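Peer 1: Supplied structure: start.cif, mmCIF, C-alpha atoms.
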```
data_model
#
loop_
_atom_site.label_atom_id
_atom_site.label_comp_id
_atom_site.auth_asym_id
_atom_site.auth_seq_id
_atom_site.Cartn_x
_atom_site.Cartn_y
_atom_site.Cartn_z
CA MET A 1 203.09 79.40 199.84
CA TYR A 2 204.64 77.28 197.12
CA ILE A 3 204.79 77.02 193.34
CA GLU A 4 202.60 74.28 191.91
CA THR A 5 203.53 74.50 188.22
CA VAL A 6 205.91 76.39 185.94
CA LYS A 7 205.21 76.59 182.20
CA LEU A 8 207.79 77.98 179.78
CA GLU A 9 207.36 78.81 176.11
CA ASN A 10 210.36 79.97 174.07
CA PHE A 11 212.17 81.14 177.20
CA ARG A 12 215.97 80.97 176.90
CA ASN A 13 216.69 77.43 175.61
CA TYR A 14 213.21 76.07 176.45
CA SER A 15 210.82 75.78 173.52
CA CYS A 16 208.05 74.19 175.60
CA CYS A 17 208.18 72.97 179.17
CA GLU A 18 205.80 72.29 182.06
CA VAL A 19 207.01 71.18 185.50
CA LYS A 20 204.96 70.29 188.58
CA LEU A 21 206.93 71.08 191.72
CA LYS A 22 206.74 69.63 195.21
CA PRO A 23 206.13 71.82 198.30
CA HIS A 24 209.59 71.19 199.76
CA LEU A 25 213.01 70.39 198.22
CA ASN A 26 213.12 70.19 194.41
CA VAL A 27 216.52 69.30 192.99
CA PHE A 28 217.30 70.06 189.33
CA ARG A 29 220.29 67.92 188.42
CA GLY A 30 222.30 67.93 185.21
CA SER A 31 225.47 68.95 183.42
CA ASN A 32 226.32 72.59 182.81
CA ALA A 33 224.56 74.58 180.05
CA GLN A 34 221.48 72.33 180.00
CA GLY A 35 218.94 74.88 181.27
CA LYS A 36 218.95 74.53 185.07
CA THR A 37 219.83 78.16 185.77
CA ASN A 38 217.42 79.35 183.07
CA PHE A 39 214.59 77.62 184.91
CA LEU A 40 215.42 79.51 188.13
CA GLU A 41 215.75 82.72 186.13
CA SER A 42 212.16 82.38 184.91
CA ILE A 43 210.90 82.22 188.51
CA TYR A 44 213.05 85.17 189.60
CA LEU A 45 211.77 87.24 186.67
CA SER A 46 208.18 86.40 187.60
CA SER A 47 208.77 87.59 191.17
CA ILE A 48 211.02 90.66 190.87
CA GLY A 49 210.09 91.76 187.35
CA LYS A 50 213.60 91.60 185.93
CA SER A 51 216.28 89.03 185.27
CA PRO A 52 219.19 88.53 187.69
CA LYS A 53 221.43 87.81 184.68
CA THR A 54 220.76 90.47 182.04
CA THR A 55 219.10 93.82 181.44
CA LYS A 56 218.50 92.94 177.78
CA GLU A 57 215.17 91.14 177.85
CA LYS A 58 215.42 90.16 174.17
CA GLU A 59 218.15 87.73 175.27
CA LEU A 60 215.52 85.84 177.27
CA ILE A 61 213.59 84.86 174.13
CA LEU A 62 214.54 81.64 172.36
CA TRP A 63 216.70 82.35 169.31
CA GLY A 64 214.59 82.80 166.18
CA LYS A 65 211.35 83.44 168.08
CA ASP A 66 209.50 86.75 168.60
CA ARG A 67 207.74 85.96 171.83
CA ALA A 68 208.27 84.09 175.11
CA LYS A 69 205.90 83.31 177.95
CA ILE A 70 206.29 82.26 181.58
CA SER A 71 203.25 81.06 183.50
CA ILE A 72 203.51 80.22 187.19
CA LYS A 73 200.72 78.84 189.34
CA ILE A 74 201.12 79.50 193.08
CA LYS A 75 199.36 77.91 196.02
CA LYS A 76 198.92 80.38 198.87
CA GLN A 77 197.44 79.85 202.30
CA TYR A 78 193.89 80.84 201.33
CA HIS A 79 193.87 81.02 197.54
CA GLU A 80 195.66 80.23 194.30
CA GLN A 81 197.33 82.76 192.04
CA THR A 82 198.74 82.81 188.52
CA ILE A 83 201.51 85.11 187.31
CA GLU A 84 202.07 85.37 183.55
CA THR A 85 205.01 87.19 181.99
CA ILE A 86 205.05 87.75 178.24
CA LEU A 87 208.22 88.94 176.49
CA ASN A 88 208.26 90.34 172.96
CA THR A 89 211.11 91.41 170.72
CA ASN A 90 209.39 94.65 169.63
CA ILE A 91 207.47 95.86 172.70
CA ASN A 92 207.96 95.95 176.46
CA LYS A 93 207.07 92.89 178.48
CA SER A 94 203.60 92.52 179.94
CA ILE A 95 202.76 90.92 183.28
CA LYS A 96 199.40 89.58 184.40
CA ILE A 97 198.27 88.51 187.85
CA ASN A 98 195.21 86.25 187.68
CA GLY A 99 194.63 87.45 184.12
CA LEU A 100 194.75 91.18 184.95
CA ASN A 101 197.52 93.36 183.55
CA ILE A 102 199.65 95.23 186.05
CA ARG A 103 200.93 98.68 185.16
CA LYS A 104 203.98 98.95 187.43
CA ILE A 105 206.69 96.54 188.55
CA GLY A 106 206.03 97.72 192.10
CA ASP A 107 202.61 96.04 191.90
CA LEU A 108 204.30 92.69 191.18
CA ILE A 109 207.00 92.75 193.86
CA GLY A 110 205.86 90.89 196.95
CA GLU A 111 203.18 88.82 195.24
CA MET A 112 205.50 85.81 195.08
CA PRO A 113 208.33 86.56 197.53
CA ILE A 114 211.57 84.73 196.80
CA VAL A 115 215.03 84.42 198.25
CA TYR A 116 217.66 83.85 195.56
CA PHE A 117 221.26 82.68 195.81
CA SER A 118 223.63 82.00 192.92
CA PRO A 119 227.44 81.84 192.80
CA GLU A 120 227.41 85.54 191.92
CA GLU A 121 225.47 86.32 195.09
CA ILE A 122 228.62 85.77 197.14
CA GLY A 123 229.28 89.34 195.99
CA LEU A 124 226.86 90.30 198.74
CA ILE A 125 229.78 89.73 201.11
CA LYS A 126 233.00 90.22 199.16
CA GLU A 127 232.09 92.91 196.63
CA GLY A 128 231.29 96.57 197.21
CA PRO A 129 228.56 98.26 199.28
CA ALA A 130 226.23 98.52 196.24
CA ASP A 131 225.62 94.74 196.37
CA ARG A 132 224.67 94.90 200.04
CA ARG A 133 222.39 97.91 199.50
CA ARG A 134 220.71 96.00 196.67
CA PHE A 135 220.22 93.04 199.03
CA MET A 136 218.40 95.26 201.53
CA ASP A 137 216.38 97.11 198.90
CA ILE A 138 215.07 94.00 197.13
CA ASP A 139 214.12 92.35 200.41
CA ILE A 140 212.41 95.36 201.95
CA SER A 141 210.53 96.03 198.70
CA GLN A 142 209.12 92.49 198.79
CA ILE A 143 207.63 93.01 202.25
CA ASN A 144 206.78 96.72 201.90
CA LYS A 145 205.56 98.01 198.53
CA SER A 146 205.81 101.65 199.66
CA TYR A 147 209.56 101.19 200.09
CA PHE A 148 209.99 100.42 196.38
CA TYR A 149 208.33 103.71 195.46
CA LEU A 150 210.43 105.54 198.07
CA LEU A 151 213.55 104.32 196.27
CA CYS A 152 212.20 105.59 192.95
CA ARG A 153 211.47 109.01 194.44
CA TYR A 154 214.86 109.13 196.12
CA GLU A 155 216.67 108.47 192.84
CA LYS A 156 214.79 111.32 191.16
CA VAL A 157 215.42 113.89 193.92
CA LEU A 158 219.05 112.78 194.31
CA SER A 159 219.55 113.19 190.56
CA GLN A 160 218.12 116.73 190.71
CA ARG A 161 220.35 117.71 193.62
CA ASN A 162 223.42 116.25 191.90
CA LYS A 163 222.55 118.11 188.71
CA LEU A 164 222.35 121.37 190.66
CA LEU A 165 225.70 120.66 192.34
CA LYS A 166 227.37 119.86 189.03
CA GLU A 167 225.97 122.76 187.03
CA SER A 168 226.28 125.50 189.67
CA LYS A 169 229.16 127.89 189.05
CA ASN A 170 228.78 130.06 192.16
CA PHE A 171 228.87 128.46 195.62
CA ASP A 172 227.15 131.38 197.36
CA ILE A 173 224.20 131.26 194.97
CA LEU A 174 224.03 127.47 195.39
CA LYS A 175 223.73 127.87 199.18
CA GLU A 176 220.63 130.01 198.66
CA THR A 177 218.88 127.62 196.25
CA ILE A 178 219.69 124.10 197.45
CA ASP A 179 217.73 124.10 200.73
CA LEU A 180 214.53 122.91 199.06
CA TRP A 181 216.31 119.89 197.56
CA ASP A 182 218.07 119.17 200.86
CA GLU A 183 214.78 119.06 202.73
CA GLN A 184 213.11 116.83 200.14
CA LEU A 185 216.09 114.49 200.00
CA ALA A 186 216.40 114.29 203.79
CA ASP A 187 212.70 113.48 204.12
CA ILE A 188 212.84 110.55 201.68
CA ALA A 189 216.29 109.37 202.78
CA SER A 190 215.31 109.32 206.46
CA LYS A 191 212.43 106.96 205.66
CA ILE A 192 214.70 104.66 203.63
CA ILE A 193 217.29 104.52 206.41
CA TYR A 194 214.57 103.92 209.00
CA TYR A 195 213.21 100.93 207.04
CA ARG A 196 216.73 99.57 206.51
CA LEU A 197 217.56 99.82 210.22
CA GLU A 198 214.32 98.03 211.02
CA PHE A 199 215.18 95.32 208.47
CA ILE A 200 218.69 94.75 209.86
CA GLU A 201 217.32 94.63 213.40
CA LYS A 202 214.88 91.88 212.39
CA ILE A 203 217.30 89.83 210.31
CA LYS A 204 220.43 89.88 212.50
CA THR A 205 219.22 87.43 215.17
CA PRO A 206 217.94 84.66 212.85
CA ALA A 207 221.10 85.06 210.72
CA LYS A 208 223.24 84.59 213.82
CA GLU A 209 221.25 81.55 214.98
CA VAL A 210 221.27 79.88 211.56
CA HIS A 211 225.01 80.40 211.20
CA LEU A 212 225.64 78.88 214.61
CA ASN A 213 223.56 75.84 213.64
CA ILE A 214 225.30 75.32 210.30
CA THR A 215 228.80 75.70 211.79
CA ALA A 216 228.06 73.60 214.90
CA ASN A 217 228.45 76.67 217.15
CA LYS A 218 231.95 77.45 215.85
CA GLU A 219 231.25 80.78 214.15
CA VAL A 220 229.32 83.80 215.44
CA LEU A 221 227.87 85.95 212.66
CA GLU A 222 227.04 89.59 213.44
CA VAL A 223 225.26 92.01 211.11
CA ALA A 224 224.87 95.78 211.57
CA TYR A 225 223.89 98.81 209.50
CA GLN A 226 226.78 101.06 208.51
CA GLY A 227 225.42 104.57 208.37
CA ILE A 228 223.19 106.67 210.60
CA ARG A 229 221.97 104.46 213.46
CA LEU A 230 219.19 106.50 215.05
CA LYS A 231 215.91 104.74 215.79
CA ASN A 232 213.68 107.79 215.42
CA GLN A 233 212.92 108.89 211.85
CA LYS A 234 212.72 112.57 212.83
CA GLU A 235 216.20 112.36 214.35
CA ILE A 236 217.49 110.69 211.19
CA TYR A 237 215.95 113.50 209.13
CA GLU A 238 217.57 116.21 211.25
CA LYS A 239 220.94 114.45 211.19
CA LEU A 240 220.82 114.10 207.40
CA LEU A 241 219.83 117.73 206.92
CA SER A 242 222.74 118.75 209.13
CA TYR A 243 225.10 116.54 207.11
CA TYR A 244 223.88 117.95 203.78
CA ARG A 245 224.51 121.49 204.94
CA SER A 246 227.88 120.82 206.57
CA SER A 247 229.16 118.87 203.56
CA LEU A 248 227.83 121.25 200.92
CA ARG A 249 231.27 122.65 200.08
CA LYS A 250 232.63 119.12 199.56
CA ASP A 251 229.57 118.12 197.51
CA PHE A 252 229.98 121.27 195.41
CA ASP A 253 233.65 120.49 194.75
CA PHE A 254 232.89 116.85 193.83
CA GLY A 255 229.71 117.62 191.91
CA TYR A 256 227.59 114.99 193.67
CA THR A 257 225.97 114.15 197.02
CA THR A 258 228.50 112.37 199.23
CA ILE A 259 226.21 111.38 202.11
CA GLY A 260 222.97 109.38 202.31
CA PRO A 261 221.48 105.90 201.92
CA HIS A 262 223.05 105.59 198.46
CA ARG A 263 226.45 105.49 200.23
CA ASP A 264 225.61 103.27 203.24
CA ASP A 265 226.65 99.66 203.81
CA ILE A 266 226.16 96.57 206.01
CA GLU A 267 228.85 95.49 208.46
CA ILE A 268 229.26 91.69 208.54
CA THR A 269 231.63 89.97 210.96
CA ILE A 270 232.42 86.38 211.95
CA ASN A 271 233.94 85.95 215.40
CA GLY A 272 234.64 89.68 215.40
CA ILE A 273 236.54 89.69 212.09
CA ASP A 274 235.24 91.70 209.11
CA VAL A 275 234.31 88.89 206.73
CA ARG A 276 233.86 91.36 203.86
CA ASN A 277 237.61 92.01 203.69
CA PHE A 278 239.27 89.24 205.67
CA GLY A 279 236.96 86.23 205.44
CA SER A 280 237.81 83.17 203.33
CA GLN A 281 235.63 82.41 200.33
CA GLY A 282 234.10 79.53 202.27
CA GLN A 283 233.21 81.84 205.16
CA GLN A 284 231.78 84.42 202.77
CA ARG A 285 229.65 81.80 201.04
CA LEU A 286 228.38 80.37 204.32
CA ALA A 287 227.63 83.83 205.73
CA THR A 288 225.60 84.60 202.62
CA LEU A 289 223.65 81.35 203.00
CA SER A 290 222.91 82.24 206.63
CA LEU A 291 221.59 85.64 205.56
CA LYS A 292 219.44 83.98 202.91
CA VAL A 293 217.85 81.64 205.45
CA ALA A 294 217.28 84.63 207.75
CA GLU A 295 215.41 86.25 204.85
CA LEU A 296 213.08 83.25 204.73
CA VAL A 297 212.33 83.58 208.44
CA LEU A 298 211.68 87.31 208.18
CA PHE A 299 209.46 87.06 205.11
CA GLU A 300 207.32 84.38 206.71
CA LYS A 301 206.97 86.39 209.93
CA VAL A 302 206.01 89.64 208.17
CA LEU A 303 203.93 88.30 205.29
CA GLY A 304 202.34 85.30 206.96
CA GLU A 305 203.35 83.18 203.95
CA LYS A 306 206.42 81.03 203.40
CA PRO A 307 208.63 82.49 200.66
CA ILE A 308 210.34 80.38 197.98
CA LEU A 309 214.07 79.68 198.04
CA LEU A 310 216.04 79.51 194.77
CA LEU A 311 219.55 78.04 195.02
CA ASP A 312 221.72 77.94 191.92
CA ASP A 313 224.66 75.55 192.36
CA VAL A 314 225.69 76.83 195.80
CA LEU A 315 226.21 73.64 197.83
CA SER A 316 229.20 72.24 195.92
CA GLU A 317 231.78 73.86 198.21
CA LEU A 318 230.16 72.72 201.48
CA ASP A 319 231.27 69.53 203.19
CA VAL A 320 228.61 66.84 203.76
CA LYS A 321 227.99 67.77 207.40
CA ARG A 322 227.47 71.48 206.74
CA CYS A 323 225.39 70.69 203.67
CA LYS A 324 223.06 68.50 205.77
CA ASN A 325 222.90 71.18 208.47
CA PHE A 326 221.95 73.78 205.88
CA LEU A 327 219.29 71.58 204.25
CA ASN A 328 217.83 70.97 207.69
CA GLU A 329 217.47 74.74 208.18
CA ILE A 330 215.41 75.10 204.98
CA LYS A 331 213.34 71.91 205.21
CA ASP A 332 210.07 73.78 205.87
CA TYR A 333 210.34 75.97 202.75
CA GLN A 334 209.86 75.17 199.10
CA THR A 335 213.37 75.13 197.68
CA ILE A 336 214.39 74.83 194.06
CA LEU A 337 218.02 73.76 193.91
CA THR A 338 220.24 73.29 190.86
CA THR A 339 223.33 71.11 190.94
CA THR A 340 225.50 68.90 188.76
CA LYS A 341 225.18 66.02 191.21
CA PHE A 342 223.05 65.24 194.24
CA SER A 343 222.69 62.24 196.52
CA ARG A 344 219.40 61.34 198.18
CA ASN A 345 221.43 60.67 201.30
CA LEU A 346 221.46 64.43 201.82
CA ASP A 347 217.65 64.57 201.78
CA GLU A 348 215.67 61.37 201.30
CA GLU A 349 212.37 63.16 200.66
CA SER A 350 213.67 65.46 197.91
CA ALA A 351 212.11 65.47 194.44
CA ILE A 352 214.85 65.08 191.82
CA PHE A 353 214.48 66.33 188.25
CA ASN A 354 217.03 65.48 185.57
CA VAL A 355 217.73 68.29 183.11
CA LYS A 356 219.24 67.65 179.68
CA ASN A 357 218.98 69.85 176.58
CA ALA A 358 216.14 71.88 178.14
CA ILE A 359 214.10 68.73 178.80
CA ILE A 360 213.10 68.19 182.44
CA GLU A 361 212.11 64.76 183.69
CA GLU A 362 211.34 63.79 187.27
CA LYS A 363 213.35 60.87 188.60
CA VAL A 364 210.96 58.37 190.17
#
```
Represent the supplied structure as structure tokens.

Peer 2:
Amino acid sequence: MYIETVKLENFRNYSCCEVKLKPHLNVFRGSNAQGKTNFLESIYLSSIGKSPKTTKEKELILWGKDRAKISIKIKKQYHEQTIETILNTNINKSIKINGLNIRKIGDLIGEMPIVYFSPEEIGLIKEGPADRRRFMDIDISQINKSYFYLLCRYEKVLSQRNKLLKESKNFDILKETIDLWDEQLADIASKIIYYRLEFIEKIKTPAKEVHLNITANKEVLEVAYQGIRLKNQKEIYEKLLSYYRSSLRKDFDFGYTTIGPHRDDIEITINGIDVRNFGSQGQQRLATLSLKVAELVLFEKVLGEKPILLLDDVLSELDVKRCKNFLNEIKDYQTILTTTKFSRNLDEESAIFNVKNAIIEEKV
């Protein structure tokens, strides 16, 4: 799968733009604040249904305009597909797939699977567990639509249980009424944890192999789920239910649920050292890149289609050798890369587009 064309109308700083992309490496080169990142943002929005930069969708519309439109034409293995996203200042956005309106974001996710890495994405390693849970949840949702709806249900039931914990004045009465919520929450949570464990199991080996290749066998990357590690969903359910009941007094005192997938994490080590807390910024960046390439491998294996890789100014801190090693790892995937400078010596077959004042021109 690859993107054939991207058309933008009144999106961010683009008044009108149409770009035909190549199936492999597409480099968008230019100074800062010219529109490179905005171009990637339009693709991300068309895949995930929301911006990676802002929750205020009015900010995505060109200043002084009431409406913006993104149209992306995709070439898949057996057919073509068009995704249109229309943003308005007064009403919610609308999304069409092949001209048909979709009603839920969950129906969009997975139609154009992407792997995205920006400078902020290094937070996957060095920031808190929420960033790593988000990494798992976005990825699993793209390969399993039911998982997205599981997350929605989990948030609702978790909110109800937390409300009961916070508003209850008598612990003994709470013990008699909370069982129903515990059972519902354990049922949904056990499925989420099961899918996450399955995801980590599938991604850890390619991540390790990619990292070895990029670092010339100098660094061993290990990834593991930090939480309940039982392979059977029924066992996970029973363990969670036991935890909810044994921790009820603590939950009651705190006023919220202290255990579950909303508290779990991913352990990430390099040569046995926890890179989350003790890795250098270079190691954290490279570990994130390895995980991103592992995502590509997993998506292709599960979906039978090659996903699209979006890289926003992430190669600047890599030396030439590691940069070439990384580009070699992604050569079979359509990649859209932004940078302030790029030499064809890194990839002689790359398509280079110059970006200046929201005008994109291919360098011949």

Peer 1: Which residues match the PyMOL selection byres ((chain A and resi 260-262) around 10) in the file above, as a CSV table (one decimal) with C-alpha atoms, keeping the file's coordinate frame?

Peer 2:
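This went into result_38.csv:
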```csv
chain,number,residue,atom,x,y,z
A,129,PRO,CA,228.6,98.3,199.3
A,130,ALA,CA,226.2,98.5,196.2
A,133,ARG,CA,222.4,97.9,199.5
A,151,LEU,CA,213.6,104.3,196.3
A,154,TYR,CA,214.9,109.1,196.1
A,155,GLU,CA,216.7,108.5,192.8
A,158,LEU,CA,219.0,112.8,194.3
A,185,LEU,CA,216.1,114.5,200.0
A,186,ALA,CA,216.4,114.3,203.8
A,188,ILE,CA,212.8,110.6,201.7
A,189,ALA,CA,216.3,109.4,202.8
A,190,SER,CA,215.3,109.3,206.5
A,191,LYS,CA,212.4,107.0,205.7
A,192,ILE,CA,214.7,104.7,203.6
A,193,ILE,CA,217.3,104.5,206.4
A,196,ARG,CA,216.7,99.6,206.5
A,226,GLN,CA,226.8,101.1,208.5
A,227,GLY,CA,225.4,104.6,208.4
A,228,ILE,CA,223.2,106.7,210.6
A,240,LEU,CA,220.8,114.1,207.4
A,243,TYR,CA,225.1,116.5,207.1
A,244,TYR,CA,223.9,118.0,203.8
A,257,THR,CA,226.0,114.2,197.0
A,258,THR,CA,228.5,112.4,199.2
A,259,ILE,CA,226.2,111.4,202.1
A,263,ARG,CA,226.4,105.5,200.2
A,264,ASP,CA,225.6,103.3,203.2
A,265,ASP,CA,226.6,99.7,203.8
```

Peer 1: To one decimal place, how far is CA of Gly35 (chain A) from CA of Ile61 (chain A) in Å?

Peer 2: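 If I compute the distance from CA of Gly35 (chain A) to CA of Ile61 (chain A), I get 13.4 Å.
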
Peer 1: Tell me which of A:Ser15, A:Thr339, A:Gln184, A:Asn26 sits closest to Ile308 (chain A), counting only C-alpha atoms.

Peer 2: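 Closest candidate: A:Asn26.
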
Peer 1: Measuring atom to atom with all atoms listed in the file, identify which of A:Leu60, A:Leu303, A:Leu296, A:Ile122 is nearest to Gln283 (chain A).

Peer 2: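 Among A:Leu60, A:Leu303, A:Leu296, A:Ile122, it is A:Ile122 that comes nearest to Gln283 (chain A).
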
Peer 1: Applied to the shown file, which residues does the PyMOL selection byres ((chain A and resi 321-338) around 6) return, written as a PyMOL selection string?

Peer 2: chain A and resi 2+23-29+214+308-313+318-320+339+346

Peer 1: Which one is closest to Asp137 (chain A): A:Phe252, A:Phe278, A:Tyr14, A:Phe199? Count all atoms listed in the file.

Peer 2: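 The shortest atom-to-atom distance to Asp137 (chain A) comes from A:Phe199.
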
Peer 1: As a PyMOL selection string, please: the residues near Ile114 (chain A) (cut-off 12 Å, all atoms listed in the file, same-chain neighbours under 4 positions excluded).

Peer 2: chain A and resi 1-3+40-41+43-49+109-110+138-143+292-293+295-300+303+305-311+333-336

Peer 1: Given the PyMOL selection byres ((chain A and resi 69-80) around 8) and the file above, list the residues it selects as a PDB file with C-alpha atoms, in the frame of the given file.

Peer 2:
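Saved file out34.pdb follows:
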```
ATOM      1  CA  MET A   1     203.090  79.400 199.840  1.00  0.00           C
ATOM      2  CA  TYR A   2     204.640  77.280 197.120  1.00  0.00           C
ATOM      3  CA  ILE A   3     204.790  77.020 193.340  1.00  0.00           C
ATOM      4  CA  GLU A   4     202.600  74.280 191.910  1.00  0.00           C
ATOM      5  CA  THR A   5     203.530  74.500 188.220  1.00  0.00           C
ATOM      6  CA  VAL A   6     205.910  76.390 185.940  1.00  0.00           C
ATOM      7  CA  LYS A   7     205.210  76.590 182.200  1.00  0.00           C
ATOM      8  CA  LEU A   8     207.790  77.980 179.780  1.00  0.00           C
ATOM      9  CA  GLU A   9     207.360  78.810 176.110  1.00  0.00           C
ATOM     10  CA  ASN A  10     210.360  79.970 174.070  1.00  0.00           C
ATOM     11  CA  PHE A  11     212.170  81.140 177.200  1.00  0.00           C
ATOM     12  CA  SER A  42     212.160  82.380 184.910  1.00  0.00           C
ATOM     13  CA  ILE A  43     210.900  82.220 188.510  1.00  0.00           C
ATOM     14  CA  SER A  46     208.180  86.400 187.600  1.00  0.00           C
ATOM     15  CA  ARG A  67     207.740  85.960 171.830  1.00  0.00           C
ATOM     16  CA  ALA A  68     208.270  84.090 175.110  1.00  0.00           C
ATOM     17  CA  GLN A  81     197.330  82.760 192.040  1.00  0.00           C
ATOM     18  CA  THR A  82     198.740  82.810 188.520  1.00  0.00           C
ATOM     19  CA  ILE A  83     201.510  85.110 187.310  1.00  0.00           C
ATOM     20  CA  GLU A  84     202.070  85.370 183.550  1.00  0.00           C
ATOM     21  CA  THR A  85     205.010  87.190 181.990  1.00  0.00           C
ATOM     22  CA  ILE A  86     205.050  87.750 178.240  1.00  0.00           C
ATOM     23  CA  LEU A  87     208.220  88.940 176.490  1.00  0.00           C
ATOM     24  CA  MET A 112     205.500  85.810 195.080  1.00  0.00           C
ATOM     25  CA  GLU A 305     203.350  83.180 203.950  1.00  0.00           C
TER      26      GLU A 305
END
```

Peer 1: What's around Leu174 (chain A) at 8 Å? Count all atoms listed in the file, leave out sequence neighbours fewer than 5 positions away in its own chain, and write the answer as an mmCIF file with C-alpha atoms, in the coordinates of the input.

Peer 2:
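Once written, out_35.cif looks like this:
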```
data_model
loop_
_atom_site.group_PDB
_atom_site.id
_atom_site.type_symbol
_atom_site.label_atom_id
_atom_site.label_comp_id
_atom_site.auth_asym_id
_atom_site.auth_seq_id
_atom_site.Cartn_x
_atom_site.Cartn_y
_atom_site.Cartn_z
ATOM 1 C CA LEU A 164 222.350 121.370 190.660
ATOM 2 C CA LEU A 165 225.700 120.660 192.340
ATOM 3 C CA SER A 168 226.280 125.500 189.670
#
```

Peer 1: Could you work out how far CA of Ala358 (chain A) lies from CA of Gln34 (chain A), giving the answer in Å with one decimal?

Peer 2: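 According to the coordinates, CA of Gln34 (chain A) and CA of Ala358 (chain A) are separated by 5.7 Å.
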
Peer 1: Go through A:Cys17, A:Ile125, A:Asp182, A:Lys363 one by one, measure the shortest atom-to-atom distance of each to Ser247 (chain A) using only C-alpha atoms, and give the residue with the smallest value.

Peer 2: A:Asp182

Peer 1: Separation of CA of Leu289 (chain A) and CA of Pro119 (chain A), in Å?

Peer 2: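 Rounded to one decimal, the two atoms are 10.9 Å apart.
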
Peer 1: Could you check which of A:Leu248, A:Ile359, A:Val314, A:Val223 is closest to Ala294 (chain A), using all atoms listed in the file?

Peer 2: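 So, comparing all the options, the nearest one is A:Val223.
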
Peer 1: Taking all atoms listed in the file into account, which of A:Asp131, A:Asp274, A:Glu59, A:Asp251 comes nearest Leu221 (chain A)?

Peer 2: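 Looking at the shortest contact to Leu221 (chain A), the residue is A:Asp274.
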
Peer 1: When you get a chance, write out N, CA and C atoms for region 99-115 of chain A, as a PDB file, in the frame of the given file.

Peer 2:
```pdb
ATOM      1  N   GLY A  99     195.214  86.988 185.379  1.00  0.00           N
ATOM      2  CA  GLY A  99     194.630  87.450 184.120  1.00  0.00           C
ATOM      3  C   GLY A  99     194.518  88.948 183.976  1.00  0.00           C
ATOM      4  N   LEU A 100     194.856  89.716 185.011  1.00  0.00           N
ATOM      5  CA  LEU A 100     194.750  91.180 184.950  1.00  0.00           C
ATOM      6  C   LEU A 100     196.123  91.800 184.777  1.00  0.00           C
ATOM      7  N   ASN A 101     196.252  92.687 183.802  1.00  0.00           N
ATOM      8  CA  ASN A 101     197.520  93.360 183.550  1.00  0.00           C
ATOM      9  C   ASN A 101     197.894  94.269 184.721  1.00  0.00           C
ATOM     10  N   ILE A 102     199.174  94.265 185.066  1.00  0.00           N
ATOM     11  CA  ILE A 102     199.650  95.230 186.050  1.00  0.00           C
ATOM     12  C   ILE A 102     200.401  96.330 185.316  1.00  0.00           C
ATOM     13  N   ARG A 103     200.347  97.534 185.849  1.00  0.00           N
ATOM     14  CA  ARG A 103     200.930  98.680 185.160  1.00  0.00           C
ATOM     15  C   ARG A 103     202.350  98.977 185.623  1.00  0.00           C
ATOM     16  N   LYS A 104     202.673  98.622 186.884  1.00  0.00           N
ATOM     17  CA  LYS A 104     203.980  98.950 187.430  1.00  0.00           C
ATOM     18  C   LYS A 104     204.620  97.712 188.053  1.00  0.00           C
ATOM     19  N   ILE A 105     205.957  97.647 187.952  1.00  0.00           N
ATOM     20  CA  ILE A 105     206.690  96.540 188.550  1.00  0.00           C
ATOM     21  C   ILE A 105     206.450  96.497 190.059  1.00  0.00           C
ATOM     22  N   GLY A 106     206.274  97.665 190.669  1.00  0.00           N
ATOM     23  CA  GLY A 106     206.030  97.720 192.100  1.00  0.00           C
ATOM     24  C   GLY A 106     204.784  96.953 192.522  1.00  0.00           C
ATOM     25  N   ASP A 107     203.831  96.793 191.589  1.00  0.00           N
ATOM     26  CA  ASP A 107     202.610  96.040 191.900  1.00  0.00           C
ATOM     27  C   ASP A 107     202.857  94.528 191.875  1.00  0.00           C
ATOM     28  N   LEU A 108     203.954  94.108 191.239  1.00  0.00           N
ATOM     29  CA  LEU A 108     204.300  92.690 191.180  1.00  0.00           C
ATOM     30  C   LEU A 108     205.121  92.260 192.396  1.00  0.00           C
ATOM     31  N   ILE A 109     206.070  93.103 192.788  1.00  0.00           N
ATOM     32  CA  ILE A 109     207.000  92.750 193.860  1.00  0.00           C
ATOM     33  C   ILE A 109     206.239  92.462 195.150  1.00  0.00           C
ATOM     34  N   GLY A 110     206.520  91.307 195.720  1.00  0.00           N
ATOM     35  CA  GLY A 110     205.860  90.890 196.950  1.00  0.00           C
ATOM     36  C   GLY A 110     204.722  89.913 196.750  1.00  0.00           C
ATOM     37  N   GLU A 111     204.258  89.772 195.501  1.00  0.00           N
ATOM     38  CA  GLU A 111     203.180  88.820 195.240  1.00  0.00           C
ATOM     39  C   GLU A 111     203.660  87.377 195.350  1.00  0.00           C
ATOM     40  N   MET A 112     204.891  87.133 194.947  1.00  0.00           N
ATOM     41  CA  MET A 112     205.500  85.810 195.080  1.00  0.00           C
ATOM     42  C   MET A 112     206.908  86.030 195.650  1.00  0.00           C
ATOM     43  N   PRO A 113     207.022  86.256 196.950  1.00  0.00           N
ATOM     44  CA  PRO A 113     208.330  86.560 197.530  1.00  0.00           C
ATOM     45  C   PRO A 113     209.307  85.411 197.390  1.00  0.00           C
ATOM     46  N   ILE A 114     210.526  85.741 196.980  1.00  0.00           N
ATOM     47  CA  ILE A 114     211.570  84.730 196.800  1.00  0.00           C
ATOM     48  C   ILE A 114     212.848  85.167 197.506  1.00  0.00           C
ATOM     49  N   VAL A 115     213.662  84.196 197.799  1.00  0.00           N
ATOM     50  CA  VAL A 115     215.030  84.420 198.250  1.00  0.00           C
ATOM     51  C   VAL A 115     215.914  83.678 197.255  1.00  0.00           C
TER      52      VAL A 115
END
```
